[in-house]
Amino acid sequence: MHPFRYLAAHSIDEAVAALAQSGPRARAMAGGTDLLVQLRAGRYELDAVVDVKHVPELTALTWDGGALTIGAAVPCYRVYEDERIAAAFPGIIDGASIIGGIQVQSRASLGGNLCNAAPSGDAICPLIVHGAIAHVAGPKGKRTMPVSQVPTGPGRNALGEGEFLVAIELPAPARGSGAAYQRFTPRNEMDIAVAGVASAVNLDGSGRIATASIALASVGPTPIVAAEAAASLAGKEPSAAAFAEAGQIAAREARPITDMRGTEVQRRKLVSVLTRRTLEQAVARAKGENA
Amino acid sequence: MSQAPVEKVRIRCTINGQPADFLSAPYVSMLEALRESAELTGTKEGCNDGNCGACTVNLNGRIVDSCLVLAAEADGATIETVEGMAPPEGLHPLQQAFLEEAALQCGICTPGFLVAAKALLEREPDADEHRIRHWLAGNLCRCTGYVQIVDAVQKAQGVLRQG
Amino acid sequence: MTTVDKPHYKVLGTRPIRHDGLDKVLGRAVYGADIKLAGLATGAVLRSPHAHARIKGIDASAALALPGVFAVVTGADMPIADDQLIDMTEEIVNARFASMRIIAHDKALFKGQPVAAVAAVDQNTAQEACRLIKVDYEPLPAVFTVEEAMAPGAPIIHEHLVGTHVGEKVPHTNVAEHTQHVLGDPDAAMDKADVTVEGEFRLARVHQGYIEPHNATAMWYRDGKATVWTSTQGSFPARNAISSVLRMPVSAIKVVPLEIGGGFGGKINIYLEPIAILLSKKAGRPVKVVMDRRSVFEATGPGPGGVVRMKLGADKAGNLVAGTVDIRFAAGAFPGSSISAASTCVFASYRFPSARIDAYDVLTNLTKTAAYRAPGSPQATFATESLMDELAHQLGMDPVALRLQNASKEGDRRPDGIVFPRIGNVEVLEAVRDSDHYRTPLDRAGAAPGHKRGRGVATGYWQGVGNRSTVTLAVNNDGTVALIEGNTDIGGTRASIAMQAAEVLGIPALDVHPTVVDTDSVGYTDLTAGSRTTYATGAAAVKAAEQVVAELKRRAAIMWEVEAADVDFAGGVFTNRKAADQHLSFKQVCARLDRTGGHVSTTGVVNLRGSGGGSFATHVVDVDVDTETGKVEVIRYTAAQDAGTAVHPSYVEGQMAGGAVQGIGWALNEEYYLGPDGSVQNASFLDYRMPTMLDAPTIETLIVEVPNTMHPFGVRGIGESGIVPPQPAIANAMRDALGIRFPELPIKPGRVLEALDAQGA
């Protein structure tokens with residue numbers, strides 16, 4: 001492994017300065033569970049690693065009414081062990097609680113999962129269907145962007161040189177909304193999604209689906225927003241037939257490949273099944289059922 | 001390597017209740033530092049990429065794969081390894097139960113399992129079999145088929161409950 | 001537990017805490033990578049990025065110029081040269097291939113093959129130095145499957161290799177060996193069969209998956225000697241192999257076996273040991289080399305994949321009349337893919353009046369395969385047991401009843417010529433037939449919507465081996481006994497060997513103190529492999545203990561002033577036959593050793609021909625299949641096996657459960673997923689999906705004890721048979737659940753979905 005320096009930043013300004021000082025061969029590190037593996041495998045070289053786990057904004061969980069801001073370096077366990085988050089955002093918990101094993105969850109963060117931009121990142125699709133906003137800091141100041149725009153390709157993200165993710169903001173869930181994420185893995189834990197689907201629904205006063213949002217993992221170079229599948233549900237009664245149809249549309253929207261983790265055919269089929277299953281679960285949650 | 005060599009960093013921490021103070025290259029993992037600098041070889045390397053749990057240690061109250069932590073991050077930390085598990089006399093009930101239930105064959109995964117299981121039983125003394133299996137899914141064992149490990153954790157659980 | 005004519009034992013069958021356990025739960029046990037030596041340098045290995053390439057040149061000058069680098073070695077440092085073909089005997093051929101496998105000479109033959117190695121001040125410097133070595137490769141066309149390797153005009157991997165094809169010498173071939181066994185006239189018998197079943201079965205490469213990577217630490221001394229500390233399944237065979245490839249006399253090499261973190265056959269071959277010695281020689285200091293996980297997958301010895309074509313014939317009553325099989329294993333870049341053991345095991349479970357077994361050892365541009373738990377048997381038996389299941393379906397018979405009706409027994413001759421001694425095949429099948437699991441109907445209706453359930457049964461066999469072992473006992477005057485042996489303890493064999501000595505001596509198991517020592521400190525001992533350690537080294541311990549008893553009888557006789565013939569010994573108590581109320585305990589006699597002639601030490605040496613018939617295992621499994629995703633959950637699993645005499649039942653159960661879970665992984669998910677360039681694309685524990693604790697079911701174990709007539713206590717080696725039945729048992733359960741026969745491993749979810757789609761279409 002190419003030798004690198006370790007810098008611990010204690011404020012956003014310190015982190016910006018540390019990254020600026022080291023140039024393009026520096027990166028922010030949260031849990032490090034992807035970064036260190038990639039460095040060791042020689043995927044790229046760095047001259048400096050800036051540890052952002054001591055920056056208060058990056059390790060905070062902040063509520064503003066029903067909205068939640070999750071610091072980019074907050075480890076998964078602090079998310080899924082938080083009862084208030086579990087009650088308000090069960091779909092986020094679905095993703096946060098299956099990244100690696102317990103050991104990895106002590107370190108890995110939703111922010112890191114997002115920036116790592118693996119098509120299979122289990123945190124990303126749930127964030128997308130919640131309409132989450134990424135807060136970014138860098139040498140030119142702060143900016144925000146929808147989480148769906150952060151991944152730009154396998155392992156590539158929209159952050160510029162010297163930029164890093166500060167936090168992820170989840171808007172307050174509307175009354176009558178619900179979300180869920182499920183993935184398929186051959187093993188029951190410690191595995192990478194062959195395919196994953198996050199679904200969110202907003203039910204109107206009569207129980208119909210007002211709007212839906214669906215995002216697909218591991219079936220394209222980035223997480224895919226299945227807009228047509230989601231649109232097909234608008235105005236419909238939640239029903240097995242509607243969910244199945246949405247699943248079939250989502251399967252067409254997927255752009256999977258065949259690799260060591262699964263085949264194209266298998267992945268499309270899984271998208272169809274998981275879309276249906278997550279919609280069922282999201283609707284149940286929207287209705288306040290324990291699902 | 002065109003640039004000047006990277007300087008070592010000083011790490012002051014607590015390992016198994018004892019103060020530790022050592023220098024480490026900043027790119028070295030906590031696993032490597034524990035084994036090479038702290039001379040605690042009970043923590044094992046199985047994969048070096050966070051997928052086997054053999055290097056599990058307790059870092060500030062949470063279990064981690066020490067291969068995925070930089071030694072430099074340990075400055076100020078409290079670390080417990082398998083070497084710190086046993087009381088001054090005798091064994092931790094998990095260690096005793098692993099022996100009695102034949103929960104180890106080759107033994108290379110054992111330190112990781114012990115450290116992980118201890119953290120579980122401290123947090124959730126009444127964890128059921130499914131929870132035990134879920135918590136320990138990040139620890140691979142290739143010898144036992146896991147049956148006797150589950151038996152041992154449940155046996156230790158009983159001993160710990162009785163105080 | 002089913003037991004046949006078992007004598008009453010005092011120690012055997014109990015469950016003492018293993019002698020080495022304390023160090024292992026305290027983190028004190030010293031495994032290969034844990035060794036510390038003064039001035040220790042760290043080694044790293046540069047590996048070929050090509051599956052097949054001529055090496056035109058290596059320039060290590062930049063690596064040597066890097067501060068902190070002590071030495072670089074390449075194939076040019078290996079003493080065996082290319083032009084030694086004239087003196088070749090089979091052993092020398094193997095030594096030459098072994099040398100090329102350790103480090104490439106003029107050609108790289110698989111991706112991941114070592115090409116150069118560096119010793120440096122630390123790990124990172126050694127790795128950086130490897131990256132500075134320039135290798136000039138000329139890539140060559142490569143072959144990765146048996147079909148590609150055997151195709152007309154295929155690139156030839158070893159230009160000078162002469163294959164042996166059923167006795168004939170054949171040059172210019174990738175088929176290193178074709179063997180054939182024929183019993184009776186299988187073609188004629190097959191023609192007359194009432195029922196025949198046949199199929200082609202395909203198998204991927206699979207890795208043993210031990211958690212501890214390979215490692216070696218070496219110190220070369222100026223007098224031409226070397227010491228190697230390593231994790232090995234056999235310190236003496238490792239010493240022989242190092243001696244062959246480095247042309248050093250065995251007496252110049254000391255192999256110190258440290259604790260070993262799993263092997264399953266994969267730590268028989270040497271990989272890093274000669275490299276560490278050569279680096280130490282050049283660096284003038286000890287060098288430690290530890291393999292990374294990717295290289296463990298890419299460049300050690302997985303179990304072979306390949307193709308098995310089989311046909312079975314039976315009469316209307318369900319009696320087998322003929323079996324034919326064609327086994328083709330992809331050996332990798334050097335010959336030796338366990339076709340011999342596959343041939344032994346493939347038809348061993350049944351009485352075949354006629355059979356033909358053809359087996360091909362086929363070279364490919366992949367790392368050379370090695371032994372993996374019952375090497376060759378699971379691959380070949382997958383075909384046998386899948387077809388036995390089909391036969392049961394065709395005949396409308398219960399699968400256990402069909403197997404019982406045809407089960408091999410004492411006196412039956414296998415197609416490879418061996419006549420079985422007393423074996424426990426029938427008793428194991430009966431134990432399964434009578435088990436709670438098999439007698440409880442599968443709850444098919446309990447499956448969730450979209451799920452289907454099925455039950456499958458399969459039998460497996462491993463013949464075991466005997467061979468050479470040495471055990472030395474030294475009696476202490478406090479009544480304890482030191483036991484010195486040479487078998488690395490992978491799974492509790494210190495305990496199982498010590499218990500056998502304790503049984504003879506009539507003392508508690510923990511009063512025997514076993515130590516595994518280096519090759520200078522005990523007599524020759526073969527591998528910890530082949531299910532031989534508890535059996536053969538145990539037999540050596542019994543022999544040594546019997547000598548202790550004979551000597552201590554003499555000492556008791558001196559104390560009583562009688563003849564040794566007047567002293568009886570039973571259950572740890574010496575009795576004076578001349579005065580029946582006179583007794584001395586083992587401890588009492590030991591306490592007087594110094595006054596009755598001095599210290600007592602004995603050595604037991606054995607060279608056992610064969611294993612006494614080997615061990616049979618039958619498993620029954622219930623699966624639940626999610627037909628929407630193809631995911632298979634094992635919902636109940638029972639394993640029965642013949643242990644002869646179970647020495648330490650906990651460790652017998654542990655071997656049974658461990659083998660079953662390894663087999664379940666093999667059945668459902670594990671495989672080498674190769675890229676078009678021969679790279680192992682899933683060379684990590686993330687993507688080589690071994691079962692986690694949450695995937696593995698509870699394994700219910702049924703120990704059957706049909707004593708082995710070749711062992712003093714009836715012990716059978718039990719380490720391996722348990723990995724043979726799971727794959728076909730699960731395939732048979734899938735057939736039961738879905739009506740689909742899966743002839744290819746692994747039965748991964750994508751494959752299940754495809755098959756369900758095809759079924760629906």
# chains A, B, ... in the order shown; residues from 1 in each chain; ligands from 1

call {"tool": "interface_residues", "arguments": {"of": "chain B", "to": "chain A", "cutoff": "8 Å", "atoms": "only C-alpha atoms", "output": "list in words"}}
result
Met1, Pro5, Val6, Glu7, Pro26, Tyr27, Asn48, Asp49, Gly50, Asn51, Gly53, Thr56, Arg62, Ile63, Val64, Asp65, Leu68, Val69, Ala72, His134, Trp135, Leu136, Ala137 and Gly138 of chain B

call {"tool": "interface_residues", "arguments": {"of": "chain C", "to": "chain B", "cutoff": "7 Å", "atoms": "only C-alpha atoms", "output": "ChimeraX atom specification"}}
result
/C:17,21,24-28,34,209-213,260-262,293,490-492,650-651,654-655,657-658,661,685-686,692-694,696,698-699

call {"tool": "interface_residues", "arguments": {"of": "chain A", "to": "chain C", "cutoff": "10 Å", "atoms": "only C-alpha atoms", "output": "compact mmCIF listing (two decimals) with N, CA and C atoms, in the first residue's frame"}}
result
# COMPACT_ATOMS: atom_id res chain seq x y z
N MET A 1 0.85 -1.20 0.00
CA MET A 1 0.00 0.00 0.00
C MET A 1 0.88 1.25 0.00
N HIS A 2 0.51 2.19 -0.83
CA HIS A 2 1.27 3.43 -0.88
C HIS A 2 1.16 4.14 0.48
N PRO A 3 2.27 4.58 1.05
CA PRO A 3 2.20 5.21 2.38
C PRO A 3 1.42 6.53 2.33
N ALA A 41 -6.13 -2.95 -1.67
CA ALA A 41 -6.23 -3.72 -2.91
C ALA A 41 -5.56 -2.99 -4.07
N GLY A 100 -22.64 -4.95 5.96
CA GLY A 100 -21.62 -5.72 6.68
C GLY A 100 -22.21 -6.41 7.90
N PHE A 184 -31.71 -8.82 -2.16
CA PHE A 184 -31.53 -10.27 -2.22
C PHE A 184 -30.06 -10.59 -2.17
N THR A 185 -29.70 -11.48 -1.23
CA THR A 185 -28.32 -11.97 -1.15
C THR A 185 -28.37 -13.48 -0.97
N PRO A 186 -27.42 -14.20 -1.55
CA PRO A 186 -27.40 -15.65 -1.35
C PRO A 186 -27.19 -16.02 0.11
N ARG A 187 -26.35 -15.29 0.80
CA ARG A 187 -26.19 -15.53 2.24
C ARG A 187 -27.16 -14.64 2.99
N ASN A 188 -27.37 -14.94 4.25
CA ASN A 188 -28.33 -14.16 5.03
C ASN A 188 -27.73 -12.89 5.61
N GLU A 189 -26.42 -12.82 5.70
CA GLU A 189 -25.72 -11.62 6.19
C GLU A 189 -24.37 -11.60 5.48
N MET A 190 -23.61 -10.52 5.69
CA MET A 190 -22.25 -10.46 5.17
C MET A 190 -22.23 -10.70 3.67
N ASP A 191 -23.08 -10.01 2.96
CA ASP A 191 -23.14 -10.27 1.54
C ASP A 191 -23.46 -8.98 0.81
N ILE A 192 -23.32 -9.00 -0.49
CA ILE A 192 -23.56 -7.84 -1.34
C ILE A 192 -24.85 -8.11 -2.12
N VAL A 194 -27.46 -8.81 -4.69
CA VAL A 194 -27.55 -9.20 -6.11
C VAL A 194 -28.50 -8.20 -6.79
N ASP A 259 -22.60 -10.90 -13.65
CA ASP A 259 -21.26 -10.97 -13.07
C ASP A 259 -21.24 -12.06 -12.01
N MET A 260 -20.16 -12.08 -11.22
CA MET A 260 -20.00 -13.16 -10.25
C MET A 260 -21.13 -13.19 -9.22
N ARG A 261 -21.82 -12.07 -9.07
CA ARG A 261 -22.84 -12.03 -8.02
C ARG A 261 -24.22 -12.43 -8.52
N GLY A 262 -24.42 -12.43 -9.82
CA GLY A 262 -25.73 -12.83 -10.33
C GLY A 262 -25.83 -12.57 -11.81
N THR A 263 -26.91 -13.07 -12.40
CA THR A 263 -27.08 -12.91 -13.84
C THR A 263 -28.08 -11.81 -14.13
N GLU A 264 -28.05 -11.35 -15.37
CA GLU A 264 -28.96 -10.30 -15.80
C GLU A 264 -30.42 -10.74 -15.62
N VAL A 265 -30.71 -11.94 -16.08
CA VAL A 265 -32.08 -12.46 -16.00
C VAL A 265 -32.53 -12.55 -14.54
N GLN A 266 -31.63 -13.11 -13.73
CA GLN A 266 -31.94 -13.26 -12.31
C GLN A 266 -32.21 -11.90 -11.67
N ARG A 267 -31.42 -10.92 -12.03
CA ARG A 267 -31.55 -9.60 -11.40
C ARG A 267 -32.86 -8.92 -11.80
N LYS A 269 -35.60 -10.40 -12.58
CA LYS A 269 -36.66 -11.11 -11.87
C LYS A 269 -36.71 -10.68 -10.41
N LEU A 270 -35.52 -10.53 -9.82
CA LEU A 270 -35.46 -10.11 -8.41
C LEU A 270 -36.02 -8.70 -8.24
N VAL A 271 -35.72 -7.83 -9.19
CA VAL A 271 -36.25 -6.46 -9.11
C VAL A 271 -37.77 -6.51 -9.08
N SER A 272 -38.34 -7.32 -9.93
CA SER A 272 -39.78 -7.44 -9.99
C SER A 272 -40.35 -7.92 -8.63
N VAL A 273 -39.74 -8.96 -8.10
CA VAL A 273 -40.21 -9.54 -6.83
C VAL A 273 -40.01 -8.56 -5.68
N LEU A 274 -38.82 -7.97 -5.61
CA LEU A 274 -38.52 -7.09 -4.48
C LEU A 274 -39.31 -5.78 -4.54

call {"tool": "residues_around", "arguments": {"residues": "Leu203 (chain A)", "least_positions_apart": "6", "cutoff": "9 Å", "atoms": "only C-alpha atoms", "output": "count of residues only"}}
result
12

call {"tool": "residues_around", "arguments": {"residues": "His583 (chain C)", "least_positions_apart": "3", "cutoff": "8 Å", "atoms": "only C-alpha atoms", "output": "list of chain:residue names"}}
result
C:Val573, C:Phe574, C:Thr575, C:Asn576, C:Ala580

call {"tool": "write_last_selection", "arguments": {"atoms": "N, CA and C atoms", "output": "compact mmCIF listing (two decimals), in the first residue's frame"}}
result
# COMPACT_ATOMS: atom_id res chain seq x y z
N VAL C 573 -4.47 -50.04 37.70
CA VAL C 573 -4.06 -50.65 38.97
C VAL C 573 -3.24 -51.91 38.69
N PHE C 574 -2.08 -51.99 39.36
CA PHE C 574 -1.24 -53.19 39.28
C PHE C 574 -1.63 -54.10 40.43
N THR C 575 -1.73 -55.39 40.13
CA THR C 575 -2.12 -56.35 41.15
C THR C 575 -1.07 -57.47 41.20
N ASN C 576 -0.70 -57.81 42.40
CA ASN C 576 0.24 -58.91 42.62
C ASN C 576 -0.56 -60.20 42.63
N ALA C 580 -3.22 -61.42 46.23
CA ALA C 580 -4.28 -60.70 45.54
C ALA C 580 -4.73 -59.43 46.25

call {"tool": "select_by_dssp", "arguments": {"residues": "region 220-290 of chain A", "states": "helix (DSSP H, G or I)", "output": "compact mmCIF listing (two decimals) with C-alpha atoms, in the first residue's frame"}}
result
# COMPACT_ATOMS: atom_id res chain seq x y z
CA ALA A 227 -39.66 6.61 -12.26
CA GLU A 228 -42.07 4.81 -14.58
CA ALA A 229 -42.75 2.06 -12.09
CA ALA A 230 -43.42 4.68 -9.42
CA ALA A 231 -45.65 6.71 -11.72
CA ALA A 240 -51.29 -7.03 -5.43
CA ALA A 241 -51.99 -6.41 -9.09
CA ALA A 242 -50.74 -2.83 -8.96
CA PHE A 243 -47.58 -3.87 -7.10
CA ALA A 244 -46.93 -6.69 -9.53
CA GLU A 245 -47.33 -4.34 -12.48
CA ALA A 246 -44.97 -1.83 -10.87
CA GLY A 247 -42.51 -4.66 -10.34
CA GLN A 248 -42.62 -5.60 -14.00
CA ILE A 249 -42.07 -2.01 -15.06
CA ALA A 250 -39.18 -1.64 -12.61
CA ALA A 251 -37.61 -4.79 -14.01
CA ARG A 252 -37.66 -3.14 -17.44
CA GLU A 253 -36.13 0.03 -16.02
CA GLU A 264 -28.96 -10.30 -15.80
CA VAL A 265 -32.08 -12.46 -16.00
CA GLN A 266 -31.94 -13.26 -12.31
CA ARG A 267 -31.55 -9.60 -11.40
CA ARG A 268 -34.52 -8.45 -13.45
CA LYS A 269 -36.66 -11.11 -11.87
CA LEU A 270 -35.46 -10.11 -8.41
CA VAL A 271 -36.25 -6.46 -9.11
CA SER A 272 -39.78 -7.44 -9.99
CA VAL A 273 -40.21 -9.54 -6.83
CA LEU A 274 -38.52 -7.09 -4.48
CA THR A 275 -40.45 -4.12 -5.88
CA ARG A 276 -43.67 -5.92 -5.10
CA ARG A 277 -42.50 -6.99 -1.65
CA THR A 278 -41.18 -3.57 -0.66
CA LEU A 279 -44.35 -1.85 -1.88
CA GLU A 280 -46.44 -4.20 0.26
CA GLN A 281 -44.23 -3.42 3.23
CA ALA A 282 -44.16 0.33 2.56
CA VAL A 283 -47.95 0.48 2.34
CA ALA A 284 -48.32 -1.52 5.53
CA ARG A 285 -45.98 0.91 7.27
CA ALA A 286 -47.86 3.87 5.81

call {"tool": "atom_distance", "arguments": {"atom1": "CA of Met734 (chain C)", "atom2": "CA of Ala322 (chain C)"}}
result
26.2 Å

call {"tool": "select_by_dssp", "arguments": {"residues": "region 384-498 of chain C", "states": "strand (DSSP E)", "output": "PyMOL selection string"}}
result
chain C and resi 451-462+467-475+481-485

call {"tool": "residues_around", "arguments": {"residues": "Ser24 (chain B)", "least_positions_apart": "3", "cutoff": "8 Å", "atoms": "only C-alpha atoms", "output": "ChimeraX atom specification"}}
result
/B:8-11,28,33,37,71-72

call {"tool": "atom_distance", "arguments": {"atom1": "CA of Ser338 (chain C)", "atom2": "CA of Ala359 (chain C)"}}
result
9.7 Å

call {"tool": "residues_around", "arguments": {"residues": "Ala226 (chain A)", "least_positions_apart": "6", "cutoff": "8 Å", "atoms": "only C-alpha atoms", "output": "VMD selection string"}}
result
chain A and resid 213 to 216 250 253 to 254
